[in-house]
$ cat work_39.cif   # mmCIF, C-alpha atoms
data_query
#
loop_
_atom_site.group_PDB
_atom_site.id
_atom_site.type_symbol
_atom_site.label_atom_id
_atom_site.label_comp_id
_atom_site.auth_asym_id
_atom_site.auth_seq_id
_atom_site.Cartn_x
_atom_site.Cartn_y
_atom_site.Cartn_z
ATOM 1 C CA SER A 29 111.438 103.687 95.554
ATOM 2 C CA ILE A 30 113.774 100.733 95.214
ATOM 3 C CA LYS A 31 114.293 100.634 98.982
ATOM 4 C CA ALA A 32 110.530 100.346 99.623
ATOM 5 C CA ILE A 33 110.174 97.621 96.998
ATOM 6 C CA LEU A 34 113.040 95.628 98.515
ATOM 7 C CA LYS A 35 111.587 96.063 101.991
ATOM 8 C CA ARG A 36 108.175 94.750 100.852
ATOM 9 C CA ARG A 37 109.831 91.834 99.051
ATOM 10 C CA ALA A 38 111.826 90.931 102.190
ATOM 11 C CA ALA A 39 108.635 91.097 104.279
ATOM 12 C CA ARG A 40 106.872 88.725 101.851
ATOM 13 C CA MET A 41 109.791 86.285 102.043
ATOM 14 C CA ARG A 42 109.690 86.368 105.861
ATOM 15 C CA TYR A 43 105.945 85.803 105.703
ATOM 16 C CA ARG A 44 106.333 82.780 103.449
ATOM 17 C CA TYR A 45 109.260 81.347 105.379
ATOM 18 C CA SER A 46 107.605 81.820 108.761
ATOM 19 C CA GLY A 47 104.933 79.259 107.905
ATOM 20 C CA ILE A 48 102.180 81.576 109.172
ATOM 21 C CA GLY A 49 99.908 80.555 106.286
ATOM 22 C CA MET A 50 100.101 76.959 107.502
ATOM 23 C CA ILE A 51 99.533 78.075 111.100
ATOM 24 C CA ASP A 52 96.422 80.030 110.099
ATOM 25 C CA LYS A 53 94.861 76.786 108.813
ATOM 26 C CA MET A 54 95.505 74.873 112.054
ATOM 27 C CA THR A 55 92.945 74.006 114.684
ATOM 28 C CA GLY A 56 93.619 75.168 118.225
ATOM 29 C CA THR A 57 94.877 71.709 119.178
ATOM 30 C CA GLN A 58 97.199 71.532 116.167
ATOM 31 C CA PHE A 59 98.602 74.958 117.050
ATOM 32 C CA GLU A 60 99.281 73.825 120.619
ATOM 33 C CA GLU A 61 101.108 70.738 119.304
ATOM 34 C CA TYR A 62 103.071 72.892 116.859
ATOM 35 C CA LEU A 63 104.188 75.139 119.710
ATOM 36 C CA SER A 64 105.109 72.071 121.783
ATOM 37 C CA VAL A 65 107.477 70.860 119.066
ATOM 38 C CA TYR A 66 108.925 74.364 118.700
ATOM 39 C CA PHE A 67 109.633 74.783 122.409
ATOM 40 C CA ARG A 68 111.022 71.231 122.784
ATOM 41 C CA ASP A 69 113.440 71.974 119.942
ATOM 42 C CA LEU A 70 114.573 75.053 121.876
ATOM 43 C CA GLY A 71 115.344 72.941 124.947
ATOM 44 C CA TYR A 72 112.205 73.496 127.004
ATOM 45 C CA THR A 73 110.390 70.678 128.761
ATOM 46 C CA VAL A 74 106.758 70.840 127.667
ATOM 47 C CA HIS A 75 103.922 69.683 129.888
ATOM 48 C CA SER A 76 100.638 69.296 128.019
ATOM 49 C CA HIS A 77 97.262 69.832 129.576
ATOM 50 C CA SER A 78 93.944 68.420 128.522
ATOM 51 C CA GLY A 79 93.199 71.615 126.595
ATOM 52 C CA GLY A 80 89.767 73.136 126.213
ATOM 53 C CA LYS A 81 87.725 73.851 129.310
ATOM 54 C CA GLY A 82 89.742 71.557 131.593
ATOM 55 C CA ASP A 83 93.098 73.292 131.218
ATOM 56 C CA LYS A 84 92.444 75.980 133.887
ATOM 57 C CA GLY A 85 93.924 78.666 131.642
ATOM 58 C CA ALA A 86 97.159 77.000 130.524
ATOM 59 C CA ASP A 87 97.429 75.091 127.281
ATOM 60 C CA ARG A 88 101.059 74.242 128.005
ATOM 61 C CA ILE A 89 103.426 74.590 130.943
ATOM 62 C CA LEU A 90 107.026 75.064 129.850
ATOM 63 C CA THR A 91 110.088 74.499 131.958
ATOM 64 C CA ALA A 92 112.945 76.538 130.529
ATOM 65 C CA PRO A 93 116.514 75.205 130.533
ATOM 66 C CA ASP A 94 117.185 77.501 133.530
ATOM 67 C CA GLY A 95 114.315 75.876 135.472
ATOM 68 C CA LYS A 96 111.824 78.742 135.192
ATOM 69 C CA ARG A 97 108.193 77.708 134.665
ATOM 70 C CA ILE A 98 106.056 79.453 132.058
ATOM 71 C CA CYS A 99 102.350 78.936 131.479
ATOM 72 C CA VAL A 100 101.264 79.410 127.878
ATOM 73 C CA GLN A 101 97.811 80.206 126.559
ATOM 74 C CA ALA A 102 97.763 79.489 122.800
ATOM 75 C CA LYS A 103 95.129 81.136 120.618
ATOM 76 C CA CYS A 104 94.917 80.145 116.955
ATOM 77 C CA TRP A 105 92.002 82.326 115.948
ATOM 78 C CA ASN A 106 90.678 84.280 113.009
ATOM 79 C CA LYS A 107 90.034 87.347 115.198
ATOM 80 C CA ASN A 108 91.983 89.394 117.725
ATOM 81 C CA VAL A 109 92.550 87.966 121.196
ATOM 82 C CA THR A 110 90.301 89.414 123.897
ATOM 83 C CA PHE A 111 90.588 90.071 127.626
ATOM 84 C CA GLU A 112 89.406 86.588 128.598
ATOM 85 C CA ALA A 113 92.800 85.157 127.556
ATOM 86 C CA VAL A 114 94.562 87.477 130.034
ATOM 87 C CA GLN A 115 92.267 86.343 132.834
ATOM 88 C CA GLN A 116 92.879 82.699 131.954
ATOM 89 C CA VAL A 117 96.661 82.830 131.788
ATOM 90 C CA HIS A 118 96.938 85.070 134.855
ATOM 91 C CA THR A 119 94.911 82.541 136.861
ATOM 92 C CA ALA A 120 96.958 79.653 135.449
ATOM 93 C CA LYS A 121 100.214 81.343 136.450
ATOM 94 C CA SER A 122 99.147 81.136 140.100
ATOM 95 C CA LEU A 123 97.456 77.736 139.886
ATOM 96 C CA TYR A 124 100.473 76.065 138.295
ATOM 97 C CA ASN A 125 103.089 77.974 140.321
ATOM 98 C CA CYS A 126 104.717 79.520 137.245
ATOM 99 C CA ASP A 127 107.295 82.282 137.077
ATOM 100 C CA SER A 128 105.756 83.895 134.020
ATOM 101 C CA ALA A 129 102.806 83.758 131.659
ATOM 102 C CA TRP A 130 102.644 84.080 127.882
ATOM 103 C CA ILE A 131 99.822 84.369 125.374
ATOM 104 C CA ILE A 132 100.794 83.283 121.863
ATOM 105 C CA THR A 133 98.493 83.933 118.911
ATOM 106 C CA ASN A 134 98.452 83.976 115.135
ATOM 107 C CA ARG A 135 96.479 87.237 115.315
ATOM 108 C CA TYR A 136 96.731 90.437 117.355
ATOM 109 C CA PHE A 137 95.600 91.678 120.759
ATOM 110 C CA THR A 138 92.971 94.240 121.662
ATOM 111 C CA LYS A 139 94.103 97.453 123.317
ATOM 112 C CA GLN A 140 92.631 96.263 126.636
ATOM 113 C CA VAL A 141 94.676 93.037 126.446
ATOM 114 C CA LYS A 142 97.905 94.952 125.748
ATOM 115 C CA GLU A 143 97.334 97.371 128.624
ATOM 116 C CA THR A 144 96.355 94.708 131.159
ATOM 117 C CA ALA A 145 99.117 92.309 130.110
ATOM 118 C CA ALA A 146 101.662 95.100 130.567
ATOM 119 C CA GLN A 147 100.342 95.774 134.089
ATOM 120 C CA LEU A 148 100.427 92.059 135.001
ATOM 121 C CA GLY A 149 103.757 91.245 133.349
ATOM 122 C CA ILE A 150 102.237 88.845 130.811
ATOM 123 C CA GLU A 151 104.290 88.393 127.652
ATOM 124 C CA LEU A 152 102.347 88.713 124.411
ATOM 125 C CA TRP A 153 103.335 87.080 121.142
ATOM 126 C CA ASP A 154 101.203 88.577 118.395
ATOM 127 C CA ARG A 155 101.247 87.633 114.723
ATOM 128 C CA GLN A 156 104.396 89.650 113.983
ATOM 129 C CA LYS A 157 106.357 88.257 116.926
ATOM 130 C CA LEU A 158 105.236 84.701 116.139
ATOM 131 C CA MET A 159 106.242 85.124 112.481
ATOM 132 C CA SER A 160 109.632 86.460 113.526
ATOM 133 C CA HIS A 161 110.291 83.520 115.869
ATOM 134 C CA MET A 162 109.060 80.973 113.318
ATOM 135 C CA HIS A 163 111.128 82.542 110.527
ATOM 136 C CA VAL A 164 114.339 82.185 112.558
ATOM 137 C CA TYR A 165 113.352 78.686 113.723
ATOM 138 C CA ARG A 166 112.569 77.375 110.237
ATOM 139 C CA LYS A 167 115.711 78.961 108.821
ATOM 140 C CA GLN A 168 117.850 77.233 111.479
ATOM 141 C CA LYS A 169 116.066 73.906 110.876
ATOM 142 C CA ALA A 170 116.702 74.214 107.118
ATOM 143 C CA GLN A 171 120.421 74.861 107.722
ATOM 144 C CA LYS A 172 120.685 71.711 109.874
ATOM 145 C CA THR A 173 119.046 69.520 107.234
ATOM 146 C CA PRO A 174 121.683 67.853 105.024
#
$ encode --input "work_39.cif" --output "structure tokens"
Amino acid sequence: SIKAILKRRAARMRYRYSGIGMIDKMTGTQFEEYLSVYFRDLGYTVHSHSGGKGDKGADRILTAPDGKRICVQAKCWNKNVTFEAVQQVHTAKSLYNCDSAWIITNRYFTKQVKETAAQLGIELWDRQKLMSHMHVYRKQKAQKTP
């Protein structure tokens, strides 16, 4: 049907405009930097950690404009995110005295991750949510460019 064709075409445009293809080619460190720029542009203060094994479960600590602290575990992978990420960010939330914890990925989450994150109040950004946020962000940036 015409409606289905238009819906698929709109989805492809969102996909292209979200920049997810570029994100998929990033290293973990590049993805963390990309998210840092994104959150700074939204008015957050971004505190970087050493990344890798020394980050104690938080790749970034964000301070929102309202003062709330959020620990972020960023996963730029070619597979779904597993339970270990929940353990890491949950630990980091306590260690860094944060109000909330987020896991942001270019992929999806296992069922176990979704269930546990819901129980612990951890916000999950999967591929679709990331694409949606990036689509809006890039569209706004394009409108501001003269």
$ residues_around --input "work_39.cif" --residues "Gly85 of chain A" --least-positions-apart "3" --cutoff "8 Å" --atoms "only C-alpha atoms" --output "list in words"
Gln101, Ala113, Gln115, Gln116, Val117, His118, Thr119 and Ala120 of chain A
$ write_last_selection --input "work_39.cif" --atoms "C-alpha atoms" --output "PDB file, in the frame of the given file"
ATOM      1  CA  GLN A 101      97.811  80.206 126.559  1.00  0.00           C
ATOM      2  CA  ALA A 113      92.800  85.157 127.556  1.00  0.00           C
ATOM      3  CA  GLN A 115      92.267  86.343 132.834  1.00  0.00           C
ATOM      4  CA  GLN A 116      92.879  82.699 131.954  1.00  0.00           C
ATOM      5  CA  VAL A 117      96.661  82.830 131.788  1.00  0.00           C
ATOM      6  CA  HIS A 118      96.938  85.070 134.855  1.00  0.00           C
ATOM      7  CA  THR A 119      94.911  82.541 136.861  1.00  0.00           C
ATOM      8  CA  ALA A 120      96.958  79.653 135.449  1.00  0.00           C
TER       9      ALA A 120
END
$ closest_residue --input "work_39.cif" --among "A:Trp153, A:Tyr136, A:Tyr62, A:Tyr165" --to "Val109 of chain A" --atoms "all atoms listed in the file"
A:Tyr136
$ resolve_selection --input "work_39.cif" --expression "the PyMOL selection byres ((chain A and resi 138) around 7)" --output "list in words"
Asn108, Val109, Thr110, Tyr136, Phe137, Lys139, Gln140, Val141 and Lys142 of chain A
$ write_last_selection --input "work_39.cif" --atoms "C-alpha atoms" --output "PDB file, keeping the file's coordinate frame"
ATOM      1  CA  ASN A 108      91.983  89.394 117.725  1.00  0.00           C
ATOM      2  CA  VAL A 109      92.550  87.966 121.196  1.00  0.00           C
ATOM      3  CA  THR A 110      90.301  89.414 123.897  1.00  0.00           C
ATOM      4  CA  TYR A 136      96.731  90.437 117.355  1.00  0.00           C
ATOM      5  CA  PHE A 137      95.600  91.678 120.759  1.00  0.00           C
ATOM      6  CA  LYS A 139      94.103  97.453 123.317  1.00  0.00           C
ATOM      7  CA  GLN A 140      92.631  96.263 126.636  1.00  0.00           C
ATOM      8  CA  VAL A 141      94.676  93.037 126.446  1.00  0.00           C
ATOM      9  CA  LYS A 142      97.905  94.952 125.748  1.00  0.00           C
TER      10      LYS A 142
END
$ closest_residue --input "work_39.cif" --among "A:Thr133, A:Tyr124, A:Cys104, A:Ile30" --to "His75 of chain A" --atoms "all atoms listed in the file"
A:Tyr124
$ atom_distance --input "work_39.cif" --atom1 "atom CA of Val65 of chain A" --atom2 "atom CA of Gly149 of chain A"
25.2 Å
